[in-house]
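All remarks here apply to the structure that follows.
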Number of protein chains: 2
Amino acid sequence: MNAASPVCPVLGQWRSRAEAALETRLPPAHVVPEKLHAAMRYAVLGGGKRVRPALCYATGSLLGIPLDWVDDAACAVEFIHAYSLVHDDLPAMDDDDLRRGRPTTHRAFDEATAILAGDALQCLAFELLSRPLTDGPTAAQQLRQIRTLSRACGSLGMAGGQAMDLAVSAGQIDERQLETIHRQKTGALICAAVRLAADLALPEDAPAYAGLDRCAAALGLAFQIRDDILDLTADTATLGKRQGADLAHDKATYPQLMGLAAAQQCAAQLHQQALDELAPFGAAADPLRALADELLNRHC
Amino acid sequence: MNAASPVCPVLGQWRSRAEAALETRLPPAHVVPEKLHAAMRYAVLGGGKRVRPALCYATGSLLGIPLDWVDDAACAVEFIHAYSLVHDDLPAMDDDDLRRGRPTTHRAFDEATAILAGDALQCLAFELLSRPLTDGPTAAQQLRQIRTLSRACGSLGMAGGQAMDLAVSAGQIDERQLETIHRQKTGALICAAVRLAADLALPEDAPAYAGLDRCAAALGLAFQIRDDILDLTADTATLGKRQGADLAHDKATYPQLMGLAAAQQCAAQLHQQALDELAPFGAAADPLRALADELLNRHC
């Protein structure tokens with residue numbers, strides 16, 4: 001997906017900011033161990049959509065947080081996302097050769113380097129959020145962000161969702177179990193992207209924090225259903241990954257469980273739920289609204 | 001190694017505390033996803049020596065920190081160590097079948113589960129250090145611990161050391177390069193174990209902080225040389241892992257580069273360096289001294 005293209009102006013705008021921030025926060029490729037650093041950069045700087053950083057920035061913008069206070073969190077959540085893709089693509093997991101239109105990291109380098117690059121990206125995310133700052137979030141806010149991110153990617157979040165996803169095959173599960181998997185596997189990190197910005201402005205027990213969280217949860221699930229639909233209907237060149245990969249992996253998807261039309265309707269309902277949660281924020285939520293619209297109407 | 005045996009009384013004492021702390025900080029095996037949680041518990045609770053938690057506790061004891069303030073850090077550093085062993089043992093890395101006298105995690109479960117268990121253990125370490133506390137370290141201290149740990153295990157620390165170790169074969173490197181690899185691959189986390197306790201009591205620019213750091217660096221390297229020697233001289237049953245594994249993997253070791261006698265002398269010199277750094281602390285450092293003595297005179 002070329003997010004900077006006219007069809008995705010909102011995402012494209014946040015994406016440019018994210019690309020610059022990611023570039024400066026990765027270890028330079030000439031620093032020893034060069035191959036590991038090259039693999040980390042390859043895994044991150046390979047043209048992702050930057051959905052999670054965009055959600056982080058749009059939420060920061062909604063809450064009036066200076067965007068340079070949000071850069072570290074936007075990069076941290078993207079490092080976690082990138083590491084999870086590298087590990088999910090490994091032969092022992094989904095065994096994928098193509099990602100973002102290029103060979104997957106273990107194909108471009110080797111398996112050992114891919115495993116280590118993922119490991120190092122995960123811990124770089126936490127290193128970023130723990131940097132000493134003179135102007136920016138307080139130590140208490142940074143600690144809260146680390147709590148948010150670490151919970152989202154652990155065994156009760158993203159890693160747990162991937163484990164459940166690997167454990168079931170398409171014929172075995174119902175809609176409810178599929179929702180549980182998606183809420184953990186992709187939903188948890190999407191929610192974290194929104195929370196990481198909210199952690200800098202709202203107390204954890206604020207109604208607005210809970211509202212943003214429900215918005216993110218609805219968006220995350222809608223985004224995944226859209227992904228399932230695109231896996232069926234788009235072609236490999238547009239997707240940048242193998243079309244029909246879910247079917248090939250015997251993975252359950254929403255269109256397969258409920259039919260294409262019902263899946264589309266379900267995504268639209270979740271989209272509306274997300275927008276409803278943004279109503280109390282008025283015009284300040286316009287950037288997040290626009291991003292939600294773009295994410296759920298995307299074709300790749 | 002049975003660390004609770006009479007030959008290792010100091011390590012055994014800290015080990016009991018670590019075992020209890022680790023047990024309560026791991027997700028219960030009956031919680032979904034059960035297999036992932038079982039693998040995480042298997043990887044951690046499999047009878048390790050608990051060298052890193054012991055260093056953390058002994059340093060805490062030296063500095064007069066309540067030991068229940070140190071439990072989270074002791075567990076966090078051991079979770080990182082356990083995850084690194086799980087990933088290092090994978091077929092794409094060292095391809096080992098035996099660890100701590102039992103099948104390695106990917107052998108007892110499967111490769112995908114082992115990768116995910118390692119991933120989830122890494123982030124559990126950071127989750128632990130970011131928990132909201134009413135009685136214990138301040139947010140600023142917790143944040144400093146997270147910085148210490150994340151730096152130690154990233155691409156310029158443990159993960160980088162493993163990458164360098166994989167990139168070279170025994171015939172290619174000299175003593176200096178081997179030292180660099182060991183200082184990152186094992187030394188960085190050993191230093192982090194000591195720093196994590198020091199972070200709770202000393203400013204980063206205190207001479208005592210630097211002294212403890214030099215002590216830990218010397219200990220870490222001596223510990224690794226002792227490991228290299230044992231890989232040559234002990235048997236598989238005593239080691240709990242395959243004897244001669246370094247040779248089999250074409251890994252450079254100190255005895256191989258400099259001869260057995262010189263390697264033993266080098267370890268003894270580093271041991272003395274570590275003790276010298278502890279001199280300014282007087283009798284308060286006795287637990288750490290006793291631990292250092294035990295670690296460097298161990299036979300397994």
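Residues in the structure tokens are numbered from 1 in each chain, the chains being A, B, ... in the order shown, and ligands are numbered from 1 in the order shown.
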
All helix (DSSP H, G or I) positions in stretch 110-244 of chain B, as an MDAnalysis selection string: chainID B and resid 111:129 139:153 158:167 170:172 175:198 207:233 236:239

Can you write out the residues you just picked, keeping C-alpha atoms, as a CSV table (one decimal), in the first residue's frame?
```csv
chain,number,residue,atom,x,y,z
B,111,GLU,CA,9.5,-24.6,17.6
B,112,ALA,CA,6.7,-22.1,17.2
B,113,THR,CA,5.7,-22.4,20.9
B,114,ALA,CA,9.4,-22.0,21.9
B,115,ILE,CA,9.8,-18.8,19.8
B,116,LEU,CA,6.6,-17.4,21.3
B,117,ALA,CA,7.5,-18.4,24.8
B,118,GLY,CA,10.8,-16.6,24.5
B,119,ASP,CA,9.1,-13.5,23.1
B,120,ALA,CA,6.5,-13.5,25.9
B,121,LEU,CA,9.2,-14.0,28.6
B,122,GLN,CA,11.1,-11.0,27.3
B,123,CYS,CA,8.1,-8.7,27.5
B,124,LEU,CA,7.1,-10.2,30.9
B,125,ALA,CA,10.5,-9.0,32.2
B,126,PHE,CA,9.6,-5.4,31.3
B,127,GLU,CA,6.0,-5.8,32.5
B,128,LEU,CA,7.4,-6.9,35.9
B,129,LEU,CA,9.6,-3.8,36.2
B,139,ALA,CA,8.8,5.3,39.2
B,140,ALA,CA,12.1,6.9,38.4
B,141,GLN,CA,14.0,4.0,39.8
B,142,GLN,CA,11.8,1.5,38.0
B,143,LEU,CA,12.4,3.4,34.8
B,144,ARG,CA,16.1,3.4,35.4
B,145,GLN,CA,16.0,-0.4,35.8
B,146,ILE,CA,14.1,-0.8,32.6
B,147,ARG,CA,16.7,1.3,30.8
B,148,THR,CA,19.5,-0.9,32.4
B,149,LEU,CA,17.8,-4.1,31.4
B,150,SER,CA,16.7,-3.1,27.9
B,151,ARG,CA,20.2,-1.8,27.0
B,152,ALA,CA,21.8,-5.0,28.3
B,153,CYS,CA,19.7,-7.3,26.2
B,158,MET,CA,23.1,-9.8,24.6
B,159,ALA,CA,21.3,-10.2,21.3
B,160,GLY,CA,24.3,-8.5,19.5
B,161,GLY,CA,26.7,-10.9,21.2
B,162,GLN,CA,24.8,-13.9,20.1
B,163,ALA,CA,24.7,-12.5,16.5
B,164,MET,CA,28.5,-12.0,16.6
B,165,ASP,CA,29.0,-15.5,18.1
B,166,LEU,CA,26.9,-17.0,15.2
B,167,ALA,CA,28.8,-15.1,12.6
B,170,ALA,CA,36.4,-21.0,15.9
B,171,GLY,CA,39.3,-20.7,13.5
B,172,GLN,CA,38.5,-17.1,12.6
B,175,GLU,CA,41.3,-13.6,22.0
B,176,ARG,CA,40.2,-10.0,21.8
B,177,GLN,CA,37.3,-10.7,19.5
B,178,LEU,CA,36.3,-13.6,21.8
B,179,GLU,CA,36.3,-11.3,24.7
B,180,THR,CA,34.1,-8.7,22.9
B,181,ILE,CA,31.6,-11.5,22.1
B,182,HIS,CA,31.5,-12.8,25.7
B,183,ARG,CA,31.3,-9.3,27.2
B,184,GLN,CA,28.1,-8.8,25.2
B,185,LYS,CA,26.6,-12.2,25.0
B,186,THR,CA,26.9,-13.2,28.7
B,187,GLY,CA,28.6,-10.2,30.4
B,188,ALA,CA,26.0,-7.6,29.6
B,189,LEU,CA,23.3,-9.5,31.5
B,190,ILE,CA,25.5,-10.4,34.4
B,191,CYS,CA,26.4,-6.6,34.7
B,192,ALA,CA,22.7,-5.8,34.4
B,193,ALA,CA,21.9,-8.2,37.4
B,194,VAL,CA,24.3,-6.1,39.6
B,195,ARG,CA,23.2,-2.8,38.2
B,196,LEU,CA,19.5,-3.5,38.6
B,197,ALA,CA,20.0,-3.6,42.4
B,198,ALA,CA,22.5,-0.7,42.3
B,207,PRO,CA,32.1,5.9,42.2
B,208,ALA,CA,30.5,2.9,44.0
B,209,TYR,CA,28.2,2.3,41.0
B,210,ALA,CA,31.2,2.3,38.6
B,211,GLY,CA,33.1,0.0,41.0
B,212,LEU,CA,30.2,-2.5,41.2
B,213,ASP,CA,30.0,-2.4,37.4
B,214,ARG,CA,33.7,-3.2,37.0
B,215,CYS,CA,33.3,-6.0,39.5
B,216,ALA,CA,30.4,-7.4,37.6
B,217,ALA,CA,32.2,-7.1,34.3
B,218,ALA,CA,35.2,-9.0,35.6
B,219,LEU,CA,33.0,-11.6,37.2
B,220,GLY,CA,31.0,-12.1,34.0
B,221,LEU,CA,34.0,-12.8,31.9
B,222,ALA,CA,35.5,-15.1,34.5
B,223,PHE,CA,32.2,-16.9,34.7
B,224,GLN,CA,32.2,-17.4,30.9
B,225,ILE,CA,35.8,-18.7,30.9
B,226,ARG,CA,34.9,-21.1,33.7
B,227,ASP,CA,32.0,-22.2,31.5
B,228,ASP,CA,34.4,-22.8,28.6
B,229,ILE,CA,36.7,-24.8,30.8
B,230,LEU,CA,33.8,-26.9,32.2
B,231,ASP,CA,32.5,-27.6,28.6
B,232,LEU,CA,35.9,-29.3,28.0
B,233,THR,CA,36.5,-31.0,31.4
B,236,THR,CA,27.3,-34.3,30.2
B,237,ALA,CA,25.4,-35.6,33.2
B,238,THR,CA,27.1,-33.1,35.5
B,239,LEU,CA,26.6,-30.2,33.1
```

All strand (DSSP E) residues (DSSP, backbone) inside stretch 42-153 of chain B, as an NGL selection string: :B and (98-99 or 102-103)

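Taking atom CA of B:Ala206 as the reference point, atom CA of B:Ala290 is found at 24.1 Å.
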
Among the residues B:Gly12, B:Gly282, B:Gly101, B:Gly154, the one that comes closest to chain A [using only C-alpha atoms]: B:Gly154
